[in-house]
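Trainee: Dumping the structure here so I can ask a few things about it.
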Amino acid sequence: MSTEQRTGTTWPQAESRVRLDESAPRAGVRVLAVAGEIDRTEAEEILERLVGLLGAPDAQLVVLDLAAVRFMGSHGLTTVVHAQRSAASLGRTLRGVTGAANRAVSRPITMTGLDRVIDWFPSLSSATATER
């Protein structure tokens, strides 16, 4: 049985193209898993949830898991930039998960240089297990 805590999902709304799920796999680590397509409306909700996780008193590491994302355009990329800025201002670490072969996520991240802004991992287990 997993020791992971589920904090609940309050999204999606009926018209949403994305599902968000927060979890805490261990003390000091918070994860926001995103599944679906990230466009403007979804990006705003993702950023709001990430900022909330980054601001949690016991969160030292926050992981944005995009392994199940099928589309990520400029709004999603901008969300990652804003989340990284929030993490830096709070003294927290933000990491990302692209999925092992998810070109819908890894390609725009590489093309825009976001792979040099935060650390990206192929899986959630590698993102939460690695100390950098």
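Residue numbering restarts at 1 in every chain; chains get A, B, ... in the order shown in the structure tokens, and ligands count up from 1 in that same order.
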May I have the residues within 10 Å of Ala67 (chain A) as a list in words, using only C-alpha atoms and disregarding those fewer than 6 positions away in the same chain?

Mentor: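 So, after excluding close chain neighbours, the residues are Ala33, Val34, Ala35, Gly36, Gly96, Val97, Thr98, Gly99, Ala100, Ala101, Asn102, Arg103, Ala104, Val105, Ser106, Phe121, Pro122, Ser123 and Leu124 of chain A.
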
Trainee: Any idea what's packed within 9 Å of Arg30 (chain A), counting only C-alpha atoms, ignoring anything in its chain fewer than 2 positions away? Could you give it as a list of chain:residue names?

Mentor: A:Glu22, A:Ser23, A:Ala24, A:Pro25, A:Arg26, A:Ala27, A:Gly28, A:Leu32, A:Leu53, A:Leu54, A:Ala56, A:Ala59, A:Gln60, A:Leu61, A:Val62, A:Val63, A:Leu64

Trainee: Determine which residues of region 15-121 of chain A receive a DSSP assignment of helix (DSSP H, G or I), computed from the backbone, and state them as a PyMOL selection string.

Mentor: chain A and resi 40-54+74-90+103-112+114-116

Trainee: If you count only C-alpha atoms, which residues fall within 12 Å of Leu47 (chain A), apart from same-chain ones fewer than 5 positions away, as a list of chain:residue names?

Mentor: A:Leu20, A:Leu32, A:Val34, A:Ile38, A:Asp39, A:Arg40, A:Thr41, A:Glu42, A:Gly52, A:Leu53, A:Leu54, A:Leu64, A:His75, A:Gly76, A:Leu77, A:Thr78, A:Thr79, A:Val80, A:Val81, A:His82, A:Ala83, A:Gln84, A:Arg85, A:Ser86, A:Ala87

Trainee: Please run DSSP on the backbone and report, as a VMD selection string, all residues within chain A that come out as strand (DSSP E or B).

Mentor: chain A and resid 5 to 8 18 to 26 29 to 38 61 to 72 93 to 97 119 to 121

Trainee: Could you dump the residues just selected with N, CA and C atoms as a short mmCIF file (atom, residue, chain, number, x, y, z; two decimals), in the first residue's frame?

Mentor:
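Contents of again_35.cif, freshly written:
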```cif
data_model
loop_
_atom_site.label_atom_id
_atom_site.label_comp_id
_atom_site.auth_asym_id
_atom_site.auth_seq_id
_atom_site.Cartn_x
_atom_site.Cartn_y
_atom_site.Cartn_z
N GLN A 5 -0.14 10.57 0.05
CA GLN A 5 -1.37 11.22 0.49
C GLN A 5 -2.01 11.90 -0.71
N ARG A 6 -3.28 11.74 -0.88
CA ARG A 6 -4.01 12.45 -1.92
C ARG A 6 -4.68 13.65 -1.28
N THR A 7 -4.49 14.80 -1.87
CA THR A 7 -5.08 16.00 -1.30
C THR A 7 -6.36 16.38 -2.02
N GLY A 8 -6.74 15.61 -3.03
CA GLY A 8 -8.00 15.85 -3.69
C GLY A 8 -7.86 16.64 -4.97
N VAL A 18 -8.37 19.43 -19.28
CA VAL A 18 -7.24 18.98 -18.47
C VAL A 18 -7.73 18.46 -17.13
N ARG A 19 -7.00 17.52 -16.58
CA ARG A 19 -7.28 17.01 -15.23
C ARG A 19 -6.06 17.30 -14.37
N LEU A 20 -6.28 17.83 -13.18
CA LEU A 20 -5.20 18.14 -12.25
C LEU A 20 -5.36 17.28 -11.01
N ASP A 21 -4.24 16.75 -10.54
CA ASP A 21 -4.27 15.91 -9.35
C ASP A 21 -3.07 16.26 -8.47
N GLU A 22 -3.32 16.64 -7.24
CA GLU A 22 -2.26 16.96 -6.30
C GLU A 22 -1.99 15.76 -5.41
N SER A 23 -0.71 15.57 -5.09
CA SER A 23 -0.36 14.50 -4.17
C SER A 23 0.89 14.90 -3.38
N ALA A 24 1.14 14.15 -2.31
CA ALA A 24 2.31 14.36 -1.47
C ALA A 24 2.96 12.99 -1.25
N PRO A 25 3.88 12.59 -2.15
CA PRO A 25 4.46 11.25 -2.05
C PRO A 25 5.32 11.03 -0.81
N ARG A 26 5.86 12.10 -0.24
CA ARG A 26 6.59 12.00 1.03
C ARG A 26 6.69 13.40 1.62
N VAL A 29 7.55 17.04 -0.14
CA VAL A 29 7.42 16.94 -1.60
C VAL A 29 5.94 17.05 -1.97
N ARG A 30 5.65 17.91 -2.93
CA ARG A 30 4.29 18.07 -3.45
C ARG A 30 4.35 17.89 -4.95
N VAL A 31 3.31 17.25 -5.51
CA VAL A 31 3.26 16.96 -6.95
C VAL A 31 1.94 17.48 -7.50
N LEU A 32 2.03 18.13 -8.65
CA LEU A 32 0.84 18.48 -9.42
C LEU A 32 0.94 17.74 -10.74
N ALA A 33 0.09 16.72 -10.90
CA ALA A 33 0.05 15.94 -12.14
C ALA A 33 -1.01 16.52 -13.05
N VAL A 34 -0.64 16.72 -14.31
CA VAL A 34 -1.53 17.32 -15.29
C VAL A 34 -1.74 16.31 -16.41
N ALA A 35 -3.01 16.13 -16.81
CA ALA A 35 -3.33 15.23 -17.92
C ALA A 35 -4.27 15.96 -18.86
N GLY A 36 -4.01 15.86 -20.16
CA GLY A 36 -4.88 16.49 -21.15
C GLY A 36 -4.15 17.53 -21.97
N GLU A 37 -4.84 18.61 -22.28
CA GLU A 37 -4.31 19.68 -23.11
C GLU A 37 -4.24 20.98 -22.32
N ILE A 38 -3.11 21.67 -22.44
CA ILE A 38 -2.93 22.93 -21.71
C ILE A 38 -3.09 24.10 -22.67
N LEU A 61 10.15 20.76 -2.21
CA LEU A 61 10.24 20.36 -3.61
C LEU A 61 8.83 20.25 -4.17
N VAL A 62 8.60 20.91 -5.30
CA VAL A 62 7.33 20.80 -6.01
C VAL A 62 7.64 20.27 -7.40
N VAL A 63 6.89 19.24 -7.80
CA VAL A 63 7.10 18.62 -9.10
C VAL A 63 5.86 18.83 -9.96
N LEU A 64 6.08 19.34 -11.16
CA LEU A 64 5.03 19.50 -12.15
C LEU A 64 5.13 18.32 -13.11
N ASP A 65 4.19 17.39 -13.00
CA ASP A 65 4.21 16.17 -13.80
C ASP A 65 3.34 16.36 -15.05
N LEU A 66 4.00 16.50 -16.19
CA LEU A 66 3.32 16.71 -17.47
C LEU A 66 3.35 15.47 -18.35
N ALA A 67 3.65 14.31 -17.79
CA ALA A 67 3.80 13.09 -18.58
C ALA A 67 2.52 12.73 -19.35
N ALA A 68 1.35 13.09 -18.84
CA ALA A 68 0.09 12.75 -19.50
C ALA A 68 -0.50 13.92 -20.29
N VAL A 69 0.30 14.92 -20.59
CA VAL A 69 -0.15 16.07 -21.37
C VAL A 69 -0.01 15.75 -22.85
N ARG A 70 -1.08 16.01 -23.61
CA ARG A 70 -1.09 15.74 -25.05
C ARG A 70 -0.78 16.98 -25.88
N PHE A 71 -0.97 18.16 -25.32
CA PHE A 71 -0.69 19.41 -26.03
C PHE A 71 -0.27 20.46 -25.02
N MET A 72 0.82 21.16 -25.31
CA MET A 72 1.26 22.26 -24.47
C MET A 72 1.79 23.37 -25.38
N THR A 93 12.30 24.43 -4.63
CA THR A 93 12.77 23.78 -5.85
C THR A 93 11.57 23.33 -6.67
N LEU A 94 11.58 23.67 -7.94
CA LEU A 94 10.56 23.21 -8.89
C LEU A 94 11.23 22.30 -9.89
N ARG A 95 10.67 21.12 -10.07
CA ARG A 95 11.14 20.17 -11.08
C ARG A 95 9.99 19.79 -11.97
N GLY A 96 10.32 19.27 -13.16
CA GLY A 96 9.29 18.86 -14.10
C GLY A 96 9.46 17.44 -14.56
N VAL A 97 8.36 16.85 -14.99
CA VAL A 97 8.36 15.50 -15.56
C VAL A 97 7.76 15.62 -16.96
N ASP A 119 15.02 21.59 -13.88
CA ASP A 119 15.41 20.22 -14.16
C ASP A 119 14.18 19.42 -14.56
N TRP A 120 14.30 18.69 -15.67
CA TRP A 120 13.22 17.84 -16.18
C TRP A 120 13.65 16.39 -16.10
N PHE A 121 12.69 15.52 -15.80
CA PHE A 121 12.95 14.10 -15.62
C PHE A 121 11.96 13.30 -16.46
#
```
